[in-house]
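Encoded as structure tokens, the structure appears first; notes follow it.
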Amino acid sequence: QVQLVESGGGLVQPGGSLRLFCRASGSIFSFSAMGWFRQAPGKERELVARIFSGGNINYADSVKGRFIISRDNARNTVSLQMNSLRPEDTAVYYCNVAQWGTSYWGQGTQVTVSS
């Protein structure tokens, strides 16, 4: 089993920045992908950004140019730097990792963008 713990969410004004952090622990061998999803009230969970073991990165179109994902394989962590935040970025953000065909989720951290 793999456990994920997220931190870094909170309340921020439009145009502000936040950094989300996720640390994995447990039975870790090699993550094929590490990333972040989000779910706003009344909406489906959606991909925000994902980084693969080979270095390829996917971003949702809505966050391109504003969010930056990074991972530290030695520390089993993945971070999401979120800049120029907008009210529509408000959601619960979930850390996600994939290992040997199994997907693991964190408990989620709330991000609220409001003045």
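We name chains A, B, ... following the order of the structure tokens; residues begin at 1 in each chain, and ligands are numbered from 1 as shown.
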
* To do: Using only C-alpha atoms, determine which residues lie at most 10 Å from segment 23-35 of chain A, disregarding the query and same-chain residues fewer than 2 positions distant; provide the list as a ChimeraX atom specification.
  => /A:1-7,21,37,47-59,69-73,75-80,94-106

* Asked: Could you pull out all residues of chain A with a DSSP call of strand (DSSP E) and give them as JSON, numbers by chain?
  -> {"A": [2, 3, 4, 5, 6, 7, 10, 11, 12, 18, 19, 20, 21, 22, 23, 24, 25, 26, 33, 34, 35, 36, 37, 38, 39, 46, 47, 48, 49, 50, 51, 52, 57, 58, 59, 67, 68, 69, 70, 71, 72, 77, 78, 79, 80, 81, 82, 91, 92, 93, 94, 95, 96, 97, 98, 99, 102, 103, 104, 105, 109, 110, 111, 112, 113]}

Output for the residues just chosen: C-alpha atoms as a compact mmCIF listing (two decimals), in the first residue's frame:
```
# COMPACT_ATOMS: atom_id res chain seq x y z
CA VAL A 2 0.96 3.59 -0.65
CA GLN A 3 -0.12 6.48 1.54
CA LEU A 4 -0.26 10.06 0.30
CA VAL A 5 -0.38 13.16 2.47
CA GLU A 6 -1.10 16.55 0.94
CA SER A 7 -0.49 19.99 2.38
CA GLY A 10 -5.87 27.40 1.83
CA LEU A 11 -7.59 30.66 1.04
CA VAL A 12 -5.98 33.06 -1.40
CA LEU A 18 -0.18 28.71 -3.50
CA ARG A 19 2.07 25.68 -3.49
CA LEU A 20 0.67 22.22 -2.90
CA PHE A 21 2.87 19.46 -1.61
CA CYS A 22 2.36 15.70 -1.54
CA ARG A 23 4.54 13.11 0.14
CA ALA A 24 4.21 9.39 -0.52
CA SER A 25 5.09 6.66 1.93
CA GLY A 26 4.63 2.91 2.26
CA ALA A 33 3.16 8.92 -12.82
CA MET A 34 2.57 11.48 -10.10
CA GLY A 35 0.06 14.26 -10.35
CA TRP A 36 -2.77 16.41 -9.15
CA PHE A 37 -6.49 16.29 -9.80
CA ARG A 38 -9.19 18.60 -8.54
CA GLN A 39 -12.92 18.47 -7.92
CA GLU A 46 -10.46 16.45 -13.42
CA LEU A 47 -6.78 16.25 -14.18
CA VAL A 48 -4.78 19.35 -13.31
CA ALA A 49 -1.23 18.22 -14.01
CA ARG A 50 0.69 14.97 -14.18
CA ILE A 51 4.36 14.16 -14.54
CA PHE A 52 5.59 10.81 -15.77
CA ILE A 57 4.24 16.45 -18.30
CA ASN A 58 0.54 16.96 -19.02
CA TYR A 59 -1.35 20.07 -17.96
CA PHE A 67 0.74 26.06 -12.76
CA ILE A 68 4.02 24.16 -12.54
CA ILE A 69 4.31 20.55 -11.42
CA SER A 70 7.53 19.01 -10.16
CA ARG A 71 8.56 15.76 -8.54
CA ASP A 72 11.44 14.60 -6.38
CA THR A 77 7.21 13.94 -3.38
CA VAL A 78 5.29 15.90 -5.96
CA SER A 79 4.53 19.61 -5.81
CA LEU A 80 2.21 21.96 -7.64
CA GLN A 81 3.09 25.64 -7.82
CA MET A 82 -0.09 27.56 -8.61
CA ALA A 91 -11.71 23.03 -5.60
CA VAL A 92 -10.46 20.17 -3.51
CA TYR A 93 -7.09 19.15 -4.91
CA TYR A 94 -6.07 15.50 -4.76
CA CYS A 95 -2.63 14.03 -5.10
CA ASN A 96 -2.47 10.91 -7.25
CA VAL A 97 0.27 8.40 -8.01
CA ALA A 98 0.35 5.31 -10.19
CA GLN A 99 2.42 2.24 -9.45
CA THR A 102 -2.67 0.76 -9.29
CA SER A 103 -3.77 4.33 -8.63
CA TYR A 104 -3.49 5.85 -5.17
CA TRP A 105 -5.19 8.99 -3.88
CA THR A 109 -6.71 19.64 0.30
CA GLN A 110 -9.06 22.58 -0.15
CA VAL A 111 -8.02 25.51 -2.30
CA THR A 112 -10.30 28.53 -2.22
CA VAL A 113 -9.69 31.57 -4.42
```

* Asked: What residues in chain A get the DSSP label helix (DSSP H, G or I)? Please answer as an NGL selection string.
  -> :A and (61-63 or 87-89)

* So how many Å separate atom CA of Asp89 of chain A and atom CA of Gly108 of chain A, to one decimal? ->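 About the pair atom CA of Asp89 of chain A and atom CA of Gly108 of chain A: they are 14.4 Å apart.
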
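When atom CA of Gln13 of chain A is paired with atom CA of Pro41 of chain A, their separation reads 19.0 Å.
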
* For Gly65 of chain A, the nearest of the candidates A:Lys43, A:Gln107, A:Ser17, A:Ser84, counting only C-alpha atoms ->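 For Gly65 of chain A, the nearest of the candidates is A:Ser84.
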
* Minimum-distance residue to Ser114 of chain A, chosen among A:Asn83, A:Gly8, A:Gly16, A:Arg66 (using only C-alpha atoms) ->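 So, comparing all the options, the nearest one is A:Gly16.
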